[in-house]
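**Student:** To be precise about what I am sending: the file is called protein10.cif and holds mmCIF, C-alpha atoms.
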data_target
#
loop_
_atom_site.label_atom_id
_atom_site.label_comp_id
_atom_site.auth_asym_id
_atom_site.auth_seq_id
_atom_site.Cartn_x
_atom_site.Cartn_y
_atom_site.Cartn_z
CA MET O 37 0.00 0.00 0.00
CA ALA O 38 1.38 3.41 -0.96
CA LYS O 39 2.30 5.68 1.92
CA LYS O 40 0.30 8.85 2.37
CA ASN O 41 2.04 12.11 1.59
CA ILE O 42 3.35 13.89 4.66
CA ILE O 43 2.86 17.65 4.93
CA ARG O 44 5.52 18.87 7.34
CA THR O 45 3.74 21.73 9.03
CA THR O 46 6.49 21.64 11.66
CA GLU O 47 8.83 22.93 8.94
CA ALA O 48 6.40 25.44 7.38
CA GLU O 49 7.39 29.10 7.39
CA SER O 50 6.46 31.11 10.44
CA ARG O 51 3.37 33.32 10.26
CA HIS O 52 5.52 36.09 11.73
CA GLN O 53 8.02 38.00 9.62
CA HIS O 54 11.13 40.12 10.33
CA LEU O 55 11.51 38.85 13.89
CA GLU O 56 14.86 40.61 14.31
CA GLN O 57 13.10 43.95 13.81
CA MET O 58 10.46 43.37 16.50
CA SER O 59 10.46 44.94 19.95
CA THR O 60 10.77 42.66 22.96
CA ARG O 61 7.06 43.10 23.70
CA ASP O 62 6.09 42.18 20.14
CA LEU O 63 8.30 39.09 20.25
CA LEU O 64 6.69 37.97 23.49
CA ASN O 65 3.19 38.68 22.23
CA GLY O 66 3.84 36.67 19.08
CA ILE O 67 5.23 33.69 20.97
CA ASN O 68 2.33 33.83 23.40
CA GLN O 69 -0.23 33.96 20.60
CA GLU O 70 1.26 30.84 19.04
CA ASP O 71 1.49 29.03 22.38
CA GLN O 72 -2.23 29.53 22.99
CA THR O 73 -3.00 27.31 19.98
CA VAL O 74 -1.36 24.25 21.56
CA PRO O 75 -4.07 23.17 24.05
CA LEU O 76 -6.69 23.63 21.34
CA ALA O 77 -4.77 21.27 19.06
CA ILE O 78 -4.49 18.72 21.88
CA ALA O 79 -8.23 18.93 22.58
CA LYS O 80 -8.87 17.63 19.06
CA VAL O 81 -6.97 14.38 19.76
CA LEU O 82 -8.16 13.57 23.29
CA PRO O 83 -9.86 10.35 22.08
CA LYS O 84 -6.48 9.20 20.70
CA ILE O 85 -4.76 10.02 23.98
CA GLU O 86 -7.51 8.16 25.86
CA LYS O 87 -6.79 4.99 23.87
CA VAL O 88 -3.09 5.24 24.71
CA VAL O 89 -3.74 5.78 28.42
CA ASN O 90 -6.02 2.74 28.58
CA ALA O 91 -3.57 0.57 26.63
CA VAL O 92 -0.61 1.63 28.78
CA HIS O 93 -2.59 1.12 31.98
CA LYS O 94 -3.56 -2.39 30.89
CA LYS O 95 0.10 -3.31 30.43
CA MET O 96 1.36 -1.66 33.61
CA ALA O 97 -1.44 -3.10 35.75
CA THR O 98 -0.11 -6.56 34.93
CA GLY O 99 3.55 -5.82 35.61
CA GLY O 100 4.64 -4.13 32.37
CA ARG O 101 6.80 -1.06 31.94
CA LEU O 102 6.41 2.12 29.88
CA PHE O 103 9.22 3.22 27.57
CA TYR O 104 9.61 6.62 25.91
CA MET O 105 11.83 6.80 22.81
CA GLY O 106 12.99 10.09 21.29
CA ALA O 107 15.83 12.23 19.97
CA GLY O 108 16.80 15.80 20.78
CA THR O 109 14.07 17.83 22.46
CA SER O 110 11.58 14.97 22.13
CA GLY O 111 13.96 12.56 23.82
CA ARG O 112 14.69 14.99 26.62
CA LEU O 113 10.98 15.49 27.27
CA GLY O 114 10.53 11.72 27.56
CA VAL O 115 13.45 11.47 29.98
CA VAL O 116 12.02 14.29 32.10
CA ASP O 117 8.56 12.71 32.30
CA ALA O 118 9.98 9.29 33.15
CA SER O 119 12.33 10.68 35.80
CA GLU O 120 9.50 12.50 37.57
CA CYS O 121 7.30 9.42 38.06
CA PRO O 122 9.22 7.82 40.96
CA PRO O 123 9.40 10.92 43.20
CA THR O 124 5.87 12.03 42.36
CA TYR O 125 4.08 8.70 42.64
CA GLY O 126 6.46 6.48 44.60
CA VAL O 127 6.80 3.93 41.81
CA PRO O 128 10.08 2.06 41.35
CA PHE O 129 12.79 3.54 39.18
CA GLY O 130 12.73 1.65 35.90
CA LEU O 131 8.95 1.35 35.72
CA VAL O 132 8.82 4.32 33.35
CA VAL O 133 11.96 4.60 31.24
CA GLY O 134 13.07 7.48 29.01
CA ILE O 135 15.56 6.61 26.26
CA ILE O 136 17.22 9.30 24.15
CA ALA O 137 19.21 8.86 20.95
CA GLY O 138 22.89 9.24 21.76
CA GLY O 139 22.51 8.08 25.36
CA ASP O 140 22.38 10.08 28.57
CA LYS O 141 25.08 12.50 27.41
CA ALA O 142 22.61 13.71 24.76
CA ILE O 143 20.37 15.06 27.52
CA ARG O 144 22.76 18.00 27.94
CA LYS O 145 24.58 18.15 24.63
CA ALA O 146 23.38 17.16 21.17
CA VAL O 147 24.99 14.04 19.74
CA GLU O 148 25.35 14.61 16.02
CA PHE O 149 23.44 12.25 13.72
CA ALA O 150 22.41 9.93 16.59
CA GLU O 151 18.78 10.26 15.53
CA ASP O 152 19.62 9.03 12.01
CA ASN O 153 20.62 5.52 13.13
CA LYS O 154 17.56 3.36 12.45
CA GLU O 155 18.94 0.24 14.17
CA GLN O 156 20.15 1.81 17.41
CA GLY O 157 16.73 2.49 18.95
CA TRP O 158 15.85 -1.20 19.07
CA LYS O 159 19.32 -2.04 20.40
CA ASP O 160 18.78 0.48 23.20
CA LEU O 161 15.42 -1.10 24.05
CA GLN O 162 16.97 -4.56 24.14
CA LYS O 163 19.39 -3.38 26.84
CA HIS O 164 16.33 -3.22 29.10
CA LYS O 165 15.21 -6.75 28.19
CA ILE O 166 12.00 -5.37 26.73
CA SER O 167 9.16 -7.86 26.22
CA PRO O 168 5.50 -7.97 25.11
CA LYS O 169 4.55 -7.12 28.71
CA ASP O 170 5.85 -3.60 28.06
CA PHE O 171 4.65 -0.59 26.06
CA VAL O 172 6.68 1.80 23.89
CA ILE O 173 5.82 5.40 22.99
CA GLY O 174 7.89 7.04 20.26
CA ILE O 175 8.18 10.82 20.44
CA ALA O 176 9.16 12.86 17.38
CA ALA O 177 7.81 16.25 16.35
CA SER O 178 8.49 15.59 12.66
CA GLY O 179 7.38 11.97 12.76
CA THR O 180 10.34 11.09 10.54
CA THR O 181 13.14 10.34 13.03
CA PRO O 182 14.81 7.05 11.95
CA TYR O 183 15.98 6.18 15.48
CA VAL O 184 12.38 6.23 16.76
CA ILE O 185 10.73 4.68 13.70
CA GLY O 186 13.20 1.79 13.68
CA ALA O 187 12.59 1.10 17.37
CA LEU O 188 8.82 1.00 16.91
CA GLU O 189 9.05 -1.19 13.81
CA GLU O 190 11.05 -3.79 15.70
CA ALA O 191 8.79 -3.51 18.74
CA ASN O 192 5.80 -4.24 16.51
CA LYS O 193 7.55 -7.28 15.05
CA ASN O 194 8.21 -8.59 18.55
CA GLY O 195 4.63 -8.27 19.77
CA ILE O 196 5.19 -5.11 21.81
CA GLU O 197 2.44 -2.50 21.66
CA THR O 198 3.43 0.94 20.42
CA ALA O 199 2.16 4.51 20.34
CA CYS O 200 3.62 7.79 19.18
CA ILE O 201 3.37 11.53 19.75
CA THR O 202 4.08 13.60 16.66
CA CYS O 203 3.09 16.99 15.27
CA ASN O 204 2.68 16.22 11.56
CA LYS O 205 -0.21 14.36 9.93
CA ASN O 206 0.35 11.04 8.17
CA SER O 207 4.02 10.77 9.12
CA PRO O 208 6.00 7.51 8.85
CA LEU O 209 6.05 7.31 12.65
CA ALA O 210 2.26 7.64 12.93
CA GLN O 211 1.86 4.98 10.27
CA THR O 212 4.16 2.67 12.26
CA ALA O 213 2.61 3.09 15.73
CA LYS O 214 -0.44 1.08 16.72
CA TYR O 215 -1.80 4.08 18.64
CA PRO O 216 -0.76 7.32 16.87
CA ILE O 217 -1.27 10.70 18.51
CA GLU O 218 -0.89 13.53 15.98
CA VAL O 219 -1.02 16.99 17.55
CA VAL O 220 -0.81 19.38 14.61
CA VAL O 221 0.21 22.72 16.07
CA GLY O 222 1.20 24.38 12.79
CA PRO O 223 4.25 26.50 11.97
CA GLU O 224 6.56 27.57 14.78
CA PHE O 225 7.21 31.21 15.72
CA VAL O 226 10.81 30.68 14.61
CA THR O 227 10.52 28.54 11.48
CA GLY O 228 11.27 24.89 12.23
CA SER O 229 12.09 25.44 15.93
CA THR O 230 10.10 22.47 17.22
CA ARG O 231 11.33 22.93 20.78
CA MET O 232 8.64 25.62 20.93
CA LYS O 233 4.99 24.71 20.17
CA ALA O 234 5.69 21.11 19.19
CA GLY O 235 7.77 20.60 22.33
CA THR O 236 5.05 22.17 24.47
CA ALA O 237 2.45 19.89 22.89
CA GLN O 238 4.57 16.81 23.52
CA LYS O 239 5.18 17.83 27.13
CA LEU O 240 1.46 18.35 27.75
CA VAL O 241 0.53 15.00 26.21
CA LEU O 242 3.21 13.20 28.20
CA ASN O 243 1.86 14.86 31.36
CA MET O 244 -1.61 13.60 30.48
CA ILE O 245 -0.51 10.05 29.79
CA SER O 246 1.70 9.51 32.83
CA THR O 247 -0.62 11.35 35.23
CA ALA O 248 -3.74 9.53 34.08
CA VAL O 249 -2.00 6.15 34.13
CA MET O 250 -0.63 6.70 37.63
CA ILE O 251 -4.05 7.73 38.90
CA LYS O 252 -5.59 4.61 37.34
CA LEU O 253 -2.87 2.53 39.01
CA GLY O 254 -4.03 3.87 42.37
CA ARG O 255 -1.10 6.20 43.00
CA VAL O 256 -3.33 9.17 43.89
CA LYS O 257 -5.92 9.39 46.67
CA GLY O 258 -8.56 12.06 46.23
CA ASN O 259 -6.32 14.52 44.44
CA LYS O 260 -3.17 14.01 46.53
CA MET O 261 0.20 12.39 45.75
CA VAL O 262 0.05 10.14 48.78
CA ASP O 263 2.89 7.91 47.58
CA MET O 264 5.38 10.69 46.76
CA ARG O 265 8.96 10.29 47.93
CA LEU O 266 9.87 12.67 50.76
CA SER O 267 13.09 13.83 49.14
CA ASN O 268 13.24 17.42 50.39
CA HIS O 269 11.86 19.74 53.07
CA LYS O 270 9.17 21.11 50.75
CA LEU O 271 7.75 17.64 50.16
CA VAL O 272 7.92 16.77 53.86
CA LYS O 273 5.92 19.91 54.58
CA ARG O 274 3.43 19.04 51.82
CA GLY O 275 3.07 15.49 53.15
CA THR O 276 2.57 16.76 56.68
CA GLN O 277 -0.20 19.08 55.52
CA MET O 278 -1.91 16.21 53.67
CA ILE O 279 -2.03 14.24 56.91
CA VAL O 280 -3.29 17.27 58.87
CA ASP O 281 -6.09 17.76 56.33
CA GLU O 282 -7.06 14.08 56.20
CA LEU O 283 -6.84 13.16 59.90
CA ARG O 284 -7.58 16.54 61.51
CA VAL O 285 -4.55 16.23 63.77
CA SER O 286 -1.96 18.82 64.76
CA GLU O 287 0.98 19.56 62.50
CA LYS O 288 3.30 18.10 65.13
CA LYS O 289 1.35 14.83 65.26
CA ALA O 290 1.15 14.68 61.48
CA LEU O 291 4.92 15.10 61.19
CA GLU O 292 5.48 12.38 63.77
CA LEU O 293 3.29 9.99 61.80
CA LEU O 294 5.02 10.89 58.55
CA GLN O 295 8.46 10.34 60.03
CA LYS O 296 7.38 7.03 61.57
CA TYR O 297 5.84 5.56 58.43
CA GLY O 298 7.85 7.46 55.79
CA ASN O 299 4.86 7.76 53.49
CA VAL O 300 1.63 9.77 53.50
CA ARG O 301 -0.57 6.82 52.52
CA LYS O 302 0.87 4.57 55.25
CA ALA O 303 0.65 7.29 57.87
CA ILE O 304 -3.05 7.86 57.11
CA ALA O 305 -3.76 4.13 56.97
CA SER O 306 -2.17 3.66 60.40
CA VAL O 307 -4.99 5.76 61.86
CA LYS O 308 -7.91 5.14 59.51
CA GLY O 309 -7.10 1.53 58.70
CA ASN O 310 -7.46 1.83 54.90
#
Can the structure from this file be put into structure tokens for me?
**Tutor:**
Amino acid sequence: MAKKNIIRTTEAESRHQHLEQMSTRDLLNGINQEDQTVPLAIAKVLPKIEKVVNAVHKKMATGGRLFYMGAGTSGRLGVVDASECPPTYGVPFGLVVGIIAGGDKAIRKAVEFAEDNKEQGWKDLQKHKISPKDFVIGIAASGTTPYVIGALEEANKNGIETACITCNKNSPLAQTAKYPIEVVVGPEFVTGSTRMKAGTAQKLVLNMISTAVMIKLGRVKGNKMVDMRLSNHKLVKRGTQMIVDELRVSEKKALELLQKYGNVRKAIASVKGN
């Protein structure tokens, strides 16, 4: 079957001209105007995101892991989202894994041409002993990144479910993923600078997926992060306040319970029994 033509709106010319001649205020207004289009574009694909959340939850509820695959900005966004799951929701490190083309050094400094290696993505997944229990989400604004496409192609061949987040319609990546999410945000303020609107869209969708999945896995009670890791004074204070609000005890007593049980959920359960 012939592939559909891809229209790379992520590379289309900016709607704004002569940026270097603009005042600071005009630059900021222009960027802000473009940014406001992102949530509207995401709203159009909520049913697609819903399917991904449900599919990921099904895998993770039976012991599977979630992998994010990306290059450049997209890869960094995946790494950020994955790294925030353990402290926020108390899940084990390695349950949500962010993999970036070029390895961890690419988080800080671009590794030239790493994204062009179509075989390396699958090799990187194999280092984690990936299996059909797991789920892979490829992230690429253009939807044409060989590193990500190659990883998803091999995942599909090996019975591993796949999704993607991209910002062009009918891209090779979207055609490869079982569950494609295409958030078409249009031309960037600076032509082709997909760390802007496309990056914002990817970040928002990743937030939606991981947050919704963690809630469905029981990692939130009411609207509180009761399993968060108490890794700094701010979080200890937040946890203490959660216990005060839930148990109607003094701040001193709440802190004592938190220090004894090391976890908001356990501290509350020690009193309420659930």
**Student:** For a test of reading the model, state the distance in Å between atom CA of Met105 of chain O and atom CA of Gly157 of chain O, rounded to one decimal.
**Tutor:**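 Atom-to-atom, atom CA of Met105 of chain O and atom CA of Gly157 of chain O are spaced 7.6 Å apart.
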**Student:** For the provided coordinates, the residues matched by the PyMOL selection byres ((chain O and resi 251-258) around 12) should be stated as a VMD selection string.
**Tutor:** chain O and resid 89 to 99 121 to 127 243 to 250 259 to 265 278 to 279 281 to 282 300 to 302 304 to 305 310
**Student:** At a cut-off of 12 Å, using all atoms listed in the file, what residues contact Ala210 of chain O? Leave out same-chain residues fewer than 2 positions from it and give the result as number ranges by chain.
**Tutor:** O: 39-40, 42, 84, 173-181, 184-185, 188-189, 198-208, 212-219
**Student:** What does the structure give for the distance between atom CA of Ser50 of chain O and atom CA of Val226 of chain O, in Å to one decimal?
**Tutor:**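 Atom CA of Ser50 of chain O sits 6.0 Å away from atom CA of Val226 of chain O.
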**Student:** Show me the residues around (-2.9, 20.7, 16.2) - criterion: an atom at most 9 Å away, only C-alpha atoms counted - as a VMD selection string.
**Tutor:** chain O and resid 73 to 81 203 to 204 218 to 222 237
**Student:** In Å to one decimal, how far is atom CA of Asn192 of chain O from atom CA of Val116 of chain O?
**Tutor:**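 Taking atom CA of Val116 of chain O as the start and atom CA of Asn192 of chain O as the end point, the length is 25.0 Å.
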**Student:** Using all atoms listed in the file, can you tell me which of O:Gly309, O:Gly100, O:Gly130, O:Gly138 comes closest to Arg112 of chain O?
**Tutor:**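 Smallest separation from Arg112 of chain O among the options: O:Gly138.
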**Student:** Choose the residue, out of O:Leu242, O:Glu190, O:Gln156, O:Glu148, that has the smallest atom-to-atom separation from Gly134 of chain O; count only C-alpha atoms.
**Tutor:**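 Of O:Leu242, O:Glu190, O:Gln156, O:Glu148, the one nearest Gly134 of chain O, counting only C-alpha atoms, is O:Leu242.
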**Student:** Taking 4 positions as the minimum chain separation for residues in the same chain, which residues sit within 8 Å of Glu155 of chain O when counting only C-alpha atoms? Answer as a list in words.
**Tutor:**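 So the residues in contact are Lys159, Tyr183, Gly186 and Ala187 of chain O.
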